[in-house]
$ cat data38.txt   # compact mmCIF, C-alpha atoms (C1' of nucleotides)
# COMPACT_ATOMS: atom_id res chain seq x y z
CA MET Q 36 -35.13 -182.14 38.24
CA TYR Q 37 -35.83 -185.82 38.81
CA ALA Q 38 -38.58 -187.35 40.92
CA LEU Q 39 -38.59 -190.80 42.39
CA ILE Q 40 -42.10 -192.09 42.97
CA ASP Q 41 -42.30 -195.07 45.28
CA CYS Q 42 -45.48 -196.93 46.22
CA ASN Q 43 -45.65 -197.35 50.00
CA ASN Q 44 -45.50 -201.02 51.12
CA PHE Q 45 -46.69 -201.83 47.61
CA TYR Q 46 -47.80 -205.47 47.88
CA ALA Q 47 -49.55 -204.90 51.20
CA SER Q 48 -51.21 -201.75 49.80
CA CYS Q 49 -52.50 -203.68 46.74
CA GLU Q 50 -54.13 -206.22 49.03
CA ARG Q 51 -55.69 -203.45 51.12
CA VAL Q 52 -57.28 -201.73 48.13
CA PHE Q 53 -59.64 -204.69 47.67
CA ASN Q 54 -59.84 -205.79 51.27
CA PRO Q 55 -60.26 -202.72 53.49
CA SER Q 56 -60.59 -204.89 56.60
CA LEU Q 57 -56.77 -205.11 56.43
CA ASN Q 58 -56.42 -201.36 57.13
CA GLY Q 59 -54.80 -200.65 60.47
CA ARG Q 60 -53.85 -204.30 60.90
CA PRO Q 61 -50.35 -205.76 60.40
CA VAL Q 62 -50.11 -207.39 56.96
CA VAL Q 63 -47.24 -209.41 55.48
CA VAL Q 64 -46.82 -210.89 52.01
CA LEU Q 65 -44.75 -214.05 51.53
CA SER Q 66 -42.40 -215.09 48.71
CA ASN Q 67 -43.12 -218.00 46.35
CA ASN Q 68 -43.71 -221.25 48.20
CA ASP Q 69 -44.71 -219.16 51.24
CA GLY Q 70 -41.01 -219.09 52.18
CA CYS Q 71 -39.96 -215.63 53.38
CA VAL Q 72 -41.53 -212.29 54.19
CA ILE Q 73 -41.09 -210.00 51.18
CA ALA Q 74 -43.45 -207.15 52.04
CA ARG Q 75 -44.74 -205.65 55.28
CA SER Q 76 -47.25 -203.02 56.21
CA ASN Q 77 -46.09 -200.29 58.62
CA GLU Q 78 -47.87 -202.10 61.47
CA ALA Q 79 -45.93 -205.30 60.67
CA LYS Q 80 -42.65 -203.35 60.61
CA ALA Q 81 -43.55 -201.83 63.99
CA ILE Q 82 -43.80 -205.23 65.70
CA GLY Q 83 -40.36 -206.14 64.40
CA VAL Q 84 -41.03 -208.32 61.34
CA ALA Q 85 -37.76 -208.29 59.37
CA MET Q 86 -37.56 -208.24 55.59
CA GLY Q 87 -36.63 -211.67 54.24
CA ALA Q 88 -37.36 -213.47 57.52
CA PRO Q 89 -38.47 -217.11 57.09
CA TYR Q 90 -42.20 -217.56 57.64
CA PHE Q 91 -41.87 -220.62 59.86
CA HIS Q 92 -39.72 -218.63 62.34
CA LEU Q 93 -42.44 -216.02 62.73
CA LYS Q 94 -45.65 -218.04 62.97
CA LYS Q 95 -45.88 -217.54 66.74
CA LEU Q 96 -45.35 -213.79 66.50
CA PHE Q 97 -47.96 -213.54 63.74
CA LYS Q 98 -50.50 -215.33 65.89
CA GLN Q 99 -49.72 -213.14 68.88
CA TYR Q 100 -50.28 -209.89 66.94
CA ASN Q 101 -53.07 -211.15 64.68
CA VAL Q 102 -50.96 -210.53 61.57
CA LYS Q 103 -52.70 -211.12 58.24
CA VAL Q 104 -50.44 -213.39 56.16
CA LEU Q 105 -50.81 -213.46 52.38
CA SER Q 106 -49.11 -215.44 49.61
CA SER Q 107 -47.74 -213.28 46.80
CA ASN Q 108 -50.29 -212.54 44.09
CA TYR Q 109 -48.22 -211.25 41.19
CA ALA Q 110 -51.16 -211.05 38.79
CA LEU Q 111 -52.74 -208.47 41.11
CA TYR Q 112 -49.52 -206.53 41.83
CA GLY Q 113 -48.52 -206.42 38.15
CA ASP Q 114 -51.89 -205.05 37.12
CA MET Q 115 -51.97 -202.44 39.88
CA SER Q 116 -48.43 -201.41 38.95
CA SER Q 117 -49.42 -200.76 35.30
CA ARG Q 118 -52.31 -198.59 36.49
CA VAL Q 119 -50.01 -196.48 38.69
CA MET Q 120 -47.39 -196.13 35.91
CA ALA Q 121 -50.00 -195.12 33.33
CA ILE Q 122 -51.15 -192.29 35.62
CA LEU Q 123 -47.58 -191.13 36.31
CA ALA Q 124 -46.90 -190.96 32.57
CA ARG Q 125 -49.57 -188.27 32.27
CA PHE Q 126 -47.45 -185.84 34.29
CA THR Q 127 -44.26 -185.82 32.20
CA PRO Q 128 -43.15 -187.29 28.88
CA GLU Q 129 -39.94 -188.60 30.44
CA ILE Q 130 -40.47 -191.60 32.69
CA GLU Q 131 -38.42 -194.67 33.60
CA VAL Q 132 -40.33 -197.53 35.20
CA TYR Q 133 -37.58 -198.69 37.54
CA SER Q 134 -39.34 -201.61 39.24
CA ILE Q 135 -42.83 -202.91 39.96
CA ASP Q 136 -43.38 -200.17 42.56
CA GLU Q 137 -40.97 -197.37 41.58
CA ALA Q 138 -40.56 -194.92 38.73
CA PHE Q 139 -38.21 -192.04 37.97
CA LEU Q 140 -39.77 -188.99 36.34
CA LYS Q 141 -37.75 -186.22 34.75
CA PHE Q 142 -38.99 -182.64 34.68
CA ASN Q 143 -37.22 -180.82 31.88
CA GLY Q 144 -38.47 -177.28 31.28
CA PHE Q 145 -40.66 -177.25 34.37
CA HIS Q 146 -38.88 -174.23 35.97
CA ARG Q 147 -42.10 -172.21 36.03
CA TYR Q 148 -43.80 -174.93 38.03
CA ASP Q 149 -43.99 -175.09 41.79
CA LEU Q 150 -42.66 -178.64 41.97
CA HIS Q 151 -43.89 -179.19 45.49
CA SER Q 152 -47.51 -178.52 44.53
CA TYR Q 153 -47.05 -180.50 41.31
CA GLY Q 154 -45.79 -183.44 43.37
CA SER Q 155 -48.76 -183.15 45.71
CA GLU Q 156 -51.08 -183.22 42.70
CA ILE Q 157 -49.37 -186.39 41.37
CA LYS Q 158 -49.74 -188.00 44.76
CA ARG Q 159 -53.42 -187.06 45.08
CA THR Q 160 -54.22 -188.31 41.57
CA VAL Q 161 -52.53 -191.69 42.00
CA GLU Q 162 -54.08 -192.29 45.39
CA ARG Q 163 -57.57 -191.25 44.27
CA SER Q 164 -57.47 -193.33 41.06
CA THR Q 165 -55.82 -196.51 42.36
CA GLY Q 166 -55.99 -196.47 46.16
CA ILE Q 167 -52.22 -196.98 46.35
CA PRO Q 168 -50.37 -194.52 48.66
CA ILE Q 169 -47.12 -193.15 47.24
CA SER Q 170 -44.14 -191.08 48.35
CA ILE Q 171 -42.37 -188.59 46.12
CA GLY Q 172 -38.79 -187.34 46.35
CA MET Q 173 -37.48 -184.67 43.98
CA ALA Q 174 -33.88 -183.57 43.45
CA PRO Q 175 -31.42 -182.55 40.71
CA THR Q 176 -30.15 -186.15 40.17
CA LYS Q 177 -31.51 -189.67 40.39
CA ALA Q 178 -29.45 -190.71 43.41
CA LEU Q 179 -30.49 -187.53 45.26
CA ALA Q 180 -34.14 -188.14 44.28
CA LYS Q 181 -33.79 -191.53 46.01
CA VAL Q 182 -32.53 -189.73 49.11
CA SER Q 183 -35.41 -187.22 48.93
CA ASN Q 184 -37.86 -190.08 48.66
CA LYS Q 185 -36.48 -191.62 51.84
CA ILE Q 186 -37.04 -188.31 53.63
CA ALA Q 187 -40.61 -188.07 52.31
CA LYS Q 188 -41.30 -191.58 53.58
CA LYS Q 189 -39.54 -191.19 56.91
CA PHE Q 190 -41.20 -187.89 57.87
CA PRO Q 191 -44.76 -188.09 56.53
CA GLY Q 192 -45.97 -185.60 59.15
CA GLN Q 193 -43.74 -182.75 57.93
CA THR Q 194 -43.46 -183.64 54.25
CA LYS Q 195 -46.98 -184.98 53.58
CA GLY Q 196 -45.24 -187.57 51.39
CA VAL Q 197 -43.55 -185.07 49.03
CA TYR Q 198 -40.03 -183.71 49.52
CA VAL Q 199 -38.12 -181.43 47.16
CA MET Q 200 -34.36 -181.02 47.60
CA GLU Q 201 -34.03 -177.66 45.93
CA ASP Q 202 -30.81 -176.21 47.36
CA GLU Q 203 -27.29 -177.09 48.48
CA GLY Q 204 -28.13 -176.69 52.17
CA LYS Q 205 -30.82 -179.32 51.95
CA ARG Q 206 -28.51 -181.65 50.03
CA GLN Q 207 -25.80 -181.46 52.69
CA LYS Q 208 -28.28 -181.91 55.52
CA ALA Q 209 -29.93 -184.90 53.84
CA LEU Q 210 -26.64 -186.67 53.06
CA LYS Q 211 -25.45 -186.17 56.61
CA TRP Q 212 -28.71 -187.69 57.88
CA LEU Q 213 -28.58 -190.75 55.59
CA GLN Q 214 -26.64 -193.69 57.06
CA ILE Q 215 -24.21 -195.27 54.61
CA ASP Q 216 -25.95 -198.65 54.56
CA ASP Q 217 -29.16 -196.90 53.46
CA VAL Q 218 -27.62 -195.36 50.35
CA TRP Q 219 -28.91 -196.68 47.02
CA GLY Q 220 -26.15 -198.78 45.44
CA ILE Q 221 -24.31 -199.47 48.71
CA GLY Q 222 -24.98 -203.05 49.76
CA ARG Q 223 -23.62 -205.15 52.61
CA GLN Q 224 -20.09 -205.64 51.30
CA TYR Q 225 -19.52 -201.98 50.46
CA THR Q 226 -21.03 -200.92 53.79
CA LYS Q 227 -18.50 -203.07 55.63
CA MET Q 228 -15.61 -201.72 53.58
CA LEU Q 229 -16.74 -198.07 53.89
CA GLN Q 230 -17.43 -198.27 57.62
CA SER Q 231 -13.95 -199.64 58.19
CA ASN Q 232 -12.74 -196.47 56.44
CA ASN Q 233 -14.72 -194.22 58.81
CA VAL Q 234 -17.51 -193.53 56.34
CA LYS Q 235 -20.66 -193.31 58.42
CA ASN Q 236 -23.10 -191.42 56.23
CA ALA Q 237 -23.67 -190.41 52.62
CA LEU Q 238 -21.90 -187.07 53.12
CA ASP Q 239 -18.73 -188.85 54.32
CA PHE Q 240 -18.96 -190.98 51.17
CA THR Q 241 -19.07 -187.93 48.88
CA ASN Q 242 -16.03 -186.53 50.69
CA LEU Q 243 -13.87 -189.55 49.76
CA PRO Q 244 -11.23 -189.05 47.03
CA ASN Q 245 -12.45 -190.13 43.57
CA GLU Q 246 -9.43 -192.42 43.11
CA PHE Q 247 -10.25 -194.33 46.28
CA VAL Q 248 -13.88 -194.85 45.24
CA ARG Q 249 -12.90 -195.84 41.69
CA ASP Q 250 -10.32 -198.27 42.99
CA ARG Q 251 -12.52 -199.96 45.63
CA MET Q 252 -15.98 -199.70 44.10
CA SER Q 253 -15.33 -199.55 40.33
CA VAL Q 254 -16.87 -196.97 38.03
CA VAL Q 255 -20.30 -197.85 39.40
CA GLY Q 256 -19.33 -196.44 42.80
CA LEU Q 257 -17.76 -193.38 41.22
CA ARG Q 258 -20.91 -192.64 39.20
CA LEU Q 259 -22.97 -192.93 42.37
CA LYS Q 260 -20.65 -190.53 44.19
CA ARG Q 261 -20.89 -187.91 41.44
CA ASP Q 262 -24.69 -188.25 41.34
CA LEU Q 263 -24.84 -187.73 45.10
CA GLU Q 264 -22.64 -184.65 44.69
CA GLY Q 265 -25.38 -183.22 42.49
CA LEU Q 266 -23.64 -183.79 39.15
CA GLU Q 267 -26.12 -185.45 36.82
CA THR Q 268 -24.37 -188.75 36.02
CA LEU Q 269 -27.06 -191.44 36.06
CA ALA Q 270 -29.45 -190.79 33.18
CA LEU Q 271 -33.04 -191.87 32.69
CA GLU Q 272 -32.96 -195.32 31.08
CA GLN Q 273 -35.25 -196.43 28.27
CA PRO Q 274 -36.81 -199.89 28.41
CA GLU Q 275 -34.93 -202.47 26.39
CA ASN Q 276 -35.57 -206.09 25.68
CA LYS Q 277 -34.24 -208.37 28.38
CA LYS Q 278 -30.69 -209.68 28.01
CA ALA Q 279 -31.33 -212.88 29.91
CA ILE Q 280 -34.46 -214.71 30.99
CA ALA Q 281 -34.56 -217.08 33.94
CA CYS Q 282 -36.95 -219.52 35.52
CA THR Q 283 -35.80 -220.97 38.84
CA ARG Q 284 -37.65 -222.51 41.77
CA SER Q 285 -37.15 -223.98 45.21
CA PHE Q 286 -39.03 -227.23 45.73
CA ASP Q 287 -41.49 -227.98 48.50
CA THR Q 288 -39.56 -231.18 49.21
CA MET Q 289 -36.02 -232.37 48.44
CA TYR Q 290 -35.55 -234.46 45.28
CA THR Q 291 -33.04 -237.28 44.94
CA GLU Q 292 -34.03 -238.77 41.59
CA LEU Q 293 -32.98 -237.57 38.16
CA GLY Q 294 -36.53 -238.14 36.86
CA ASP Q 295 -38.02 -235.54 39.23
CA LEU Q 296 -35.44 -232.96 38.21
CA GLN Q 297 -36.01 -233.75 34.53
CA GLU Q 298 -39.68 -232.93 34.94
CA ARG Q 299 -38.91 -229.61 36.69
CA ILE Q 300 -36.25 -228.60 34.17
CA SER Q 301 -38.59 -229.42 31.25
CA THR Q 302 -41.23 -227.16 32.77
CA PHE Q 303 -38.69 -224.34 33.29
CA ALA Q 304 -37.55 -224.69 29.65
CA SER Q 305 -41.15 -224.38 28.53
CA VAL Q 306 -41.62 -221.19 30.59
CA CYS Q 307 -38.42 -219.67 29.18
CA GLY Q 308 -39.50 -220.62 25.64
CA ARG Q 309 -42.80 -218.82 26.10
CA LYS Q 310 -41.11 -215.73 27.53
CA LEU Q 311 -38.66 -215.69 24.59
CA ARG Q 312 -41.52 -215.91 22.08
CA ASN Q 313 -43.41 -213.11 23.86
CA GLN Q 314 -40.31 -210.96 23.56
CA LYS Q 315 -39.93 -212.04 19.90
CA CYS Q 316 -36.40 -213.27 20.35
CA ASN Q 317 -34.27 -216.41 20.45
CA CYS Q 318 -31.45 -217.63 22.64
CA GLU Q 319 -28.07 -219.14 21.83
CA LEU Q 320 -27.10 -220.39 25.27
CA ILE Q 321 -28.84 -222.13 28.14
CA GLN Q 322 -27.46 -222.36 31.63
CA VAL Q 323 -28.86 -225.14 33.83
CA PHE Q 324 -28.25 -225.40 37.58
CA ILE Q 325 -29.27 -227.69 40.44
CA SER Q 326 -28.56 -227.08 44.13
CA SER Q 327 -28.80 -228.99 47.37
CA ASN Q 328 -30.41 -227.42 50.44
CA GLN Q 329 -27.95 -224.84 51.81
CA PHE Q 330 -29.78 -224.77 55.15
CA ARG Q 331 -29.32 -228.49 55.79
CA GLU Q 332 -25.76 -228.54 57.07
CA ASP Q 333 -26.14 -232.20 58.00
CA LEU Q 334 -26.37 -233.15 54.32
CA PRO Q 335 -23.59 -233.04 51.71
CA GLN Q 336 -23.71 -229.83 49.68
CA TYR Q 337 -23.57 -229.63 45.91
CA HIS Q 338 -24.17 -226.94 43.33
CA GLY Q 339 -23.95 -228.05 39.71
CA SER Q 340 -24.22 -225.69 36.78
CA ILE Q 341 -23.48 -225.95 33.09
CA SER Q 342 -23.89 -223.86 29.93
CA VAL Q 343 -25.18 -225.54 26.79
CA ARG Q 344 -24.76 -223.82 23.43
CA LEU Q 345 -27.49 -224.38 20.88
CA SER Q 346 -26.85 -225.18 17.20
CA TYR Q 347 -28.61 -221.95 16.22
CA PRO Q 348 -30.66 -219.30 18.07
CA THR Q 349 -34.09 -220.68 18.87
CA ASN Q 350 -37.16 -220.13 21.04
CA SER Q 351 -38.66 -223.55 20.40
CA THR Q 352 -39.63 -225.27 23.63
CA ILE Q 353 -38.65 -228.59 22.03
CA HIS Q 354 -35.06 -227.46 21.38
CA LEU Q 355 -34.74 -225.72 24.71
CA THR Q 356 -36.00 -228.76 26.61
CA LYS Q 357 -33.69 -231.17 24.79
CA ALA Q 358 -30.64 -228.99 25.39
CA SER Q 359 -31.40 -228.35 29.05
CA LEU Q 360 -31.96 -232.05 29.74
CA VAL Q 361 -28.58 -232.84 28.18
CA GLY Q 362 -27.07 -230.27 30.55
CA LEU Q 363 -28.95 -231.67 33.53
CA GLU Q 364 -27.70 -235.21 32.94
CA ARG Q 365 -24.14 -233.93 32.90
CA ILE Q 366 -24.38 -232.10 36.23
CA PHE Q 367 -26.62 -234.55 38.11
CA ARG Q 368 -24.85 -236.42 40.91
CA LYS Q 369 -26.58 -239.31 42.59
CA GLY Q 370 -26.82 -239.23 46.39
CA HIS Q 371 -27.62 -235.54 46.86
CA HIS Q 372 -30.85 -234.01 48.10
CA TYR Q 373 -31.84 -231.30 45.62
CA LYS Q 374 -33.84 -228.30 46.80
CA ARG Q 375 -33.48 -225.76 43.97
CA ALA Q 376 -33.07 -225.82 40.24
CA GLY Q 377 -33.42 -223.47 37.34
CA ILE Q 378 -32.46 -222.48 33.87
CA MET Q 379 -31.39 -219.19 32.38
CA VAL Q 380 -31.39 -218.43 28.66
CA MET Q 381 -28.79 -215.98 27.36
CA GLY Q 382 -27.33 -214.59 24.16
CA LEU Q 383 -30.71 -213.28 23.06
CA THR Q 384 -31.19 -212.17 19.46
CA PRO Q 385 -34.34 -210.79 17.86
CA ASP Q 386 -36.46 -212.99 15.54
CA THR Q 387 -35.52 -210.73 12.66
CA GLY Q 388 -31.74 -210.91 13.01
CA ARG Q 389 -30.66 -214.38 14.04
CA GLN Q 390 -27.53 -216.03 12.72
CA LEU Q 391 -28.32 -219.52 11.38
CA ASN Q 392 -25.99 -222.51 11.15
CA MET Q 393 -24.88 -223.63 7.69
CA PHE Q 394 -24.51 -227.25 8.82
CA ARG Q 395 -27.65 -227.56 10.99
CA PRO Q 396 -30.68 -226.66 8.88
CA ILE Q 397 -33.44 -224.96 10.82
CA ASP Q 398 -36.69 -226.88 11.37
CA HIS Q 399 -39.30 -224.51 9.95
CA ARG Q 400 -42.22 -226.52 11.35
CA GLN Q 401 -41.48 -225.51 14.92
CA GLY Q 402 -42.31 -221.80 14.60
CA PRO Q 403 -45.98 -222.33 13.59
CA LEU Q 404 -46.26 -225.21 16.09
CA MET Q 405 -45.14 -223.01 18.99
CA LYS Q 406 -47.43 -220.21 17.83
CA ALA Q 407 -50.40 -222.62 17.81
CA ILE Q 408 -49.55 -223.94 21.28
CA ASP Q 409 -49.16 -220.43 22.68
CA ARG Q 410 -52.55 -219.43 21.27
CA LEU Q 411 -54.29 -222.47 22.72
CA ASN Q 412 -52.73 -221.86 26.12
CA LEU Q 413 -53.58 -218.17 26.01
CA MET Q 414 -57.22 -218.87 25.15
CA ASN Q 415 -57.55 -221.33 28.00
CA GLY Q 416 -55.66 -219.25 30.53
CA TYR Q 417 -53.43 -222.12 31.66
CA ASP Q 418 -51.10 -224.78 30.25
CA LEU Q 419 -53.65 -226.80 28.26
CA VAL Q 420 -50.98 -228.08 25.87
CA ARG Q 421 -47.86 -229.43 27.53
CA PHE Q 422 -44.86 -231.47 26.48
CA GLY Q 423 -44.16 -235.05 27.43
CA GLY Q 424 -41.36 -234.35 29.89
CA MET Q 425 -43.46 -231.90 31.90
CA ASP Q 426 -45.61 -232.59 34.93
CA LEU Q 427 -48.64 -234.00 33.09
CA GLU Q 428 -50.36 -235.15 36.27
CA ARG Q 429 -49.88 -231.73 37.90
CA LYS Q 430 -48.16 -233.29 40.90
CA TRP Q 431 -45.93 -230.33 41.57
CA LYS Q 432 -47.58 -227.45 43.33
CA MET Q 433 -46.17 -224.28 44.78
CA ASN Q 434 -47.26 -223.61 48.36
CA ARG Q 435 -49.62 -220.63 48.21
CA ASN Q 436 -51.84 -221.22 51.17
CA HIS Q 437 -52.81 -217.60 51.75
CA LEU Q 438 -53.55 -216.38 48.25
CA SER Q 439 -55.96 -213.48 47.71
CA PRO Q 440 -58.29 -213.42 44.67
CA ASN Q 441 -57.15 -211.94 41.33
CA TYR Q 442 -59.49 -208.99 41.79
CA THR Q 443 -58.51 -207.17 38.61
CA THR Q 444 -57.44 -209.86 36.15
CA ARG Q 445 -59.93 -212.70 36.53
CA ILE Q 446 -63.61 -212.31 35.79
CA ASP Q 447 -64.73 -214.73 38.52
CA ASP Q 448 -62.74 -212.82 41.16
CA ILE Q 449 -64.19 -209.36 40.58
CA ILE Q 450 -65.67 -207.96 43.77
CA LYS Q 451 -69.46 -208.14 43.92
CA ALA Q 452 -71.29 -205.20 45.47
CA THR Q 453 -74.33 -206.16 47.48
CA SER Q 454 -76.85 -203.84 49.08
C1' DT R 958 -40.61 -229.85 58.47
C1' DC R 959 -40.80 -225.20 56.56
C1' DT R 960 -35.43 -220.09 54.37
C1' DG R 961 -37.88 -216.47 46.96
C1' DG R 962 -37.11 -215.13 42.22
C1' DG R 963 -35.45 -212.36 38.46
C1' DG R 964 -32.60 -209.24 36.80
C1' DT R 965 -28.23 -205.71 35.72
C1' DC R 966 -23.49 -204.22 35.37
C1' DC R 967 -18.53 -204.53 36.13
C1' DT R 968 -13.96 -206.75 36.63
C1' DC R 969 -10.83 -210.30 35.97
C1' DC R 970 -8.89 -213.88 33.43
C1' DC R 971 -8.00 -216.51 29.49
C1' DG R 972 -7.69 -217.70 24.69
C1' DC R 973 -7.42 -216.13 20.16
C1' DA R 974 -6.20 -213.23 16.25
C1' DG R 975 -3.64 -209.72 14.02
C1' DT L 290 8.48 -218.75 10.43
C1' DC L 291 8.68 -217.55 15.16
C1' DT L 292 8.00 -214.43 19.12
C1' DG L 293 6.07 -210.85 21.74
C1' DC L 294 2.64 -207.34 22.31
C1' DT L 295 -2.03 -205.79 22.23
C1' DG L 296 -6.89 -205.68 21.75
C1' DC L 297 -11.13 -208.08 21.84
C1' DG L 298 -14.72 -211.27 23.25
C1' DG L 299 -16.63 -214.72 26.23
C1' DG L 300 -17.25 -216.88 30.69
C1' DA L 301 -17.07 -216.83 35.70
C1' DG L 302 -17.72 -214.51 39.73
C1' DG L 303 -18.99 -210.71 42.56
C1' DA L 304 -21.29 -206.59 43.55
C1' DC L 305 -25.85 -204.47 43.44
C1' DC L 306 -31.19 -203.66 42.78
C1' DC L 307 -36.33 -204.68 43.50
$ encode --input "data38.txt" --output "C-alpha cells"
Amino acid sequence: MYALIDCNNFYASCERVFNPSLNGRPVVVLSNNDGCVIARSNEAKAIGVAMGAPYFHLKKLFKQYNVKVLSSNYALYGDMSSRVMAILARFTPEIEVYSIDEAFLKFNGFHRYDLHSYGSEIKRTVERSTGIPISIGMAPTKALAKVSNKIAKKFPGQTKGVYVMEDEGKRQKALKWLQIDDVWGIGRQYTKMLQSNNVKNALDFTNLPNEFVRDRMSVVGLRLKRDLEGLETLALEQPENKKAIACTRSFDTMYTELGDLQERISTFASVCGRKLRNQKCNCELIQVFISSNQFREDLPQYHGSISVRLSYPTNSTIHLTKASLVGLERIFRKGHHYKRAGIMVMGLTPDTGRQLNMFRPIDHRQGPLMKAIDRLNLMNGYDLVRFGGMDLERKWKMNRNHLSPNYTTRIDDIIKATS
DNA sequence: TCTGGGGTCCTCCCGCAG
DNA sequence: TCTGCTGCGGGAGGACCC
C-alpha cells in the first residue's frame, strides 16, 4: 500500500502556526514580487479567490472580506516542511518527499496493521508536533493514493482526514467521482483532448484502449492509466541530485538598457554557482533568456534565449558570469522593454568525475576562492562578498510588502512569550 | 502601475558515425 | 570510395507537477 500525505493549505497553515489570530480568517500567500496568489486558506477559497490570480485584481475583494495577505516566506515554509517530513519518516522506512508539502509513504509488510488507525496516528502526531494539518490517502498505487487523498480532503466530516481505498468497489466509485481535469498528470491540454473524446471522469479514462492513450499521451499517460487501474506502475523515487538548476526573476519595473540586464544576469549566475557548489557539482552548459512583458500587448514582444557551452565543467561564479554575459550580449535587442530574465545551468557533473579540456587548462585558484567566499557569506547570513557586475548598491529589491518573520530560522524573529 | 519560480520527462528532429 | 540504412545523442519544444 502507498499513502500520500498532503499538508492542508500548507503555506497558509505555516503562517497560522505562529500567528493564531489568522485562524478562521481568510489568508492568502503571494508569489515572489507579490505578483499572484499561490496559496489560500479554506476561507479564502470560499470567497472565490482563484489560484494564480494576480494580486492587483483582487485588492478590492481582499479589503471587503478582511483577507490577510502575506508575501511568501520560503525560509519558514522550508523549515516547517523538513519538520513534517522528519516525523513522517518515523512511520515507515520507505518515503519519497514529493514536494514541499507532499510525501508518498510505502507500507511493505504492514498487512497486520489496521492502516486506517495507523493513518490516524500519523495525522495526530504530525499535527501535535508541528501544528500543520494534513490529509492522508492510502491505496495500492501512487496514482490511486492521490485520488484517496482528494477524497480525504474533500470529505473531512466522514473521513476525518484519512481515507483508505482497500477494495475494488471503492476504486471504481472513487474514479467515477473524480472529474478528468482533477486527475494527477492530466493538465489543461490533455483535459481538452480527453473531453472531446467523451472522457468525463477518471473511470472513463481507465476504460480507454491502451493504444489510444499511448498514441495521444505517450508512455507517461499509459503509465498513469495502469496505475489508476491498480497495477503498480509508478514506483517510489529516491532523491537524486538535480539535473538542472535555474534562477529566473520578473522585475518590478521594465528594463530597456543592457547594463541593467547585465547586473541581473550576473546576480543570477552567482546564485546558480552557489547552488552548484552546494550540490558539489559543475555545469557544462548555461542557457540565458530575456523576455519582454507578455501582458503589455501595446509593446513589441521579444523572447531571446541562447545556450553557451563552457570550456570545461565548472561551478566558479567568475566563469559562469563571464559566459552568461557573453550570451546576454548576443540575445539583447535594443528597443524592447524587458520584464523577465533568467539563467539555467545544465549538463551537471559531480566534482569527482568531471571531464577536463586538454587545450584549456583549469584555473586551480578558483576552487579555494569560491570556498572562501561561500564561507564568508554563510557566516554573515547574506551576500557580504559580491562580484563587480552584481548590484553592489543593492538597488534591486523584490516586492515583499507583507512578509512574516522567520520564526524558526532567525534568532531575532523567535516568538517571545510574555506573561 | 501591478500577472511567480523551479523543476521533470517525453517526443521529434537533425546530424553524425559505423 | 560511395551510398543507404540504422542507432545514438543533443537540442528544442511541449506536456506535466508543486
$ residues_around --input "data38.txt" --residues "segment 229-246 of chain Q" --least-positions-apart "6" --cutoff "6 Å" --atoms "only C-alpha atoms (C1' of nucleotides)" --output "ChimeraX atom specification"
/Q:210-211,213-215,260
$ interface_residues --input "data38.txt" --of "chain R" --to "chain Q" --cutoff "7 Å" --atoms "all atoms listed in the file" --output "ChimeraX atom specification"
/R:959-963
$ atom_distance --input "data38.txt" --atom1 "atom CA of Leu179 of chain Q" --atom2 "atom CA of Ile157 of chain Q"
19.3 Å
$ interface_residues --input "data38.txt" --of "chain L" --to "chain Q" --cutoff "8 Å" --atoms "all atoms listed in the file" --output "ChimeraX atom specification"
/L:304-307
$ residues_around --input "data38.txt" --residues "Phe97 of chain Q" --least-positions-apart "5" --cutoff "10 Å" --atoms "all atoms listed in the file" --output "list in words"
Pro61, Val62, Val63, Ala79, Ile82, Val84, Tyr90, His92, Val102, Lys103 and Val104 of chain Q
$ atom_distance --input "data38.txt" --atom1 "atom CA of Val197 of chain Q" --atom2 "atom CA of Ser170 of chain Q"
6.1 Å
$ residues_around --input "data38.txt" --residues "segment 969-975 of chain R" --least-positions-apart "4" --cutoff "12 Å" --atoms "all atoms listed in the file" --output "PyMOL selection string"
chain L and resi 294-303
$ axis_aligned_box --input "data38.txt" --around "segment 294-302 of chain L" --padding-each-side "4 Å" --output "JSON"
{"center_x": -7.5, "center_y": -211.3, "center_z": 30.7, "size_x": 28.4, "size_y": 19.2, "size_z": 26.0}
$ residues_near_point --input "data38.txt" --point "(-29.1, -182.9, 42.0)" --cutoff "10 Å" --atoms "only C-alpha atoms (C1' of nucleotides)" --output "VMD selection string"
chain Q and resid 36 to 37 173 to 180 200 to 203 206 261 to 268
$ residues_around --input "data38.txt" --residues "Arg312 of chain Q" --least-positions-apart "4" --cutoff "9 Å" --atoms "all atoms listed in the file" --output "mmCIF file with C-alpha atoms, in the frame of the given file"
data_model
loop_
_atom_site.group_PDB
_atom_site.id
_atom_site.type_symbol
_atom_site.label_atom_id
_atom_site.label_comp_id
_atom_site.auth_asym_id
_atom_site.auth_seq_id
_atom_site.Cartn_x
_atom_site.Cartn_y
_atom_site.Cartn_z
ATOM 1 C CA CYS Q 307 -38.420 -219.670 29.180
ATOM 2 C CA GLY Q 308 -39.500 -220.620 25.640
ATOM 3 C CA CYS Q 316 -36.400 -213.270 20.350
ATOM 4 C CA ASN Q 317 -34.270 -216.410 20.450
ATOM 5 C CA ASN Q 350 -37.160 -220.130 21.040
ATOM 6 C CA SER Q 351 -38.660 -223.550 20.400
ATOM 7 C CA ASP Q 386 -36.460 -212.990 15.540
ATOM 8 C CA MET Q 405 -45.140 -223.010 18.990
ATOM 9 C CA LYS Q 406 -47.430 -220.210 17.830
ATOM 10 C CA ASP Q 409 -49.160 -220.430 22.680
#
$ atom_distance --input "data38.txt" --atom1 "atom CA of Leu320 of chain Q" --atom2 "atom CA of Ala304 of chain Q"
12.1 Å
$ residues_around --input "data38.txt" --residues "Phe53 of chain Q" --least-positions-apart "5" --cutoff "10 Å" --atoms "only C-alpha atoms (C1' of nucleotides)" --output "PyMOL selection string"
chain Q and resi 48+166+439-443+449-450
$ write_last_selection --input "data38.txt" --atoms "C-alpha atoms" --output "compact mmCIF listing (two decimals), in the frame of the given file"
# COMPACT_ATOMS: atom_id res chain seq x y z
CA SER Q 48 -51.21 -201.75 49.80
CA GLY Q 166 -55.99 -196.47 46.16
CA SER Q 439 -55.96 -213.48 47.71
CA PRO Q 440 -58.29 -213.42 44.67
CA ASN Q 441 -57.15 -211.94 41.33
CA TYR Q 442 -59.49 -208.99 41.79
CA THR Q 443 -58.51 -207.17 38.61
CA ILE Q 449 -64.19 -209.36 40.58
CA ILE Q 450 -65.67 -207.96 43.77
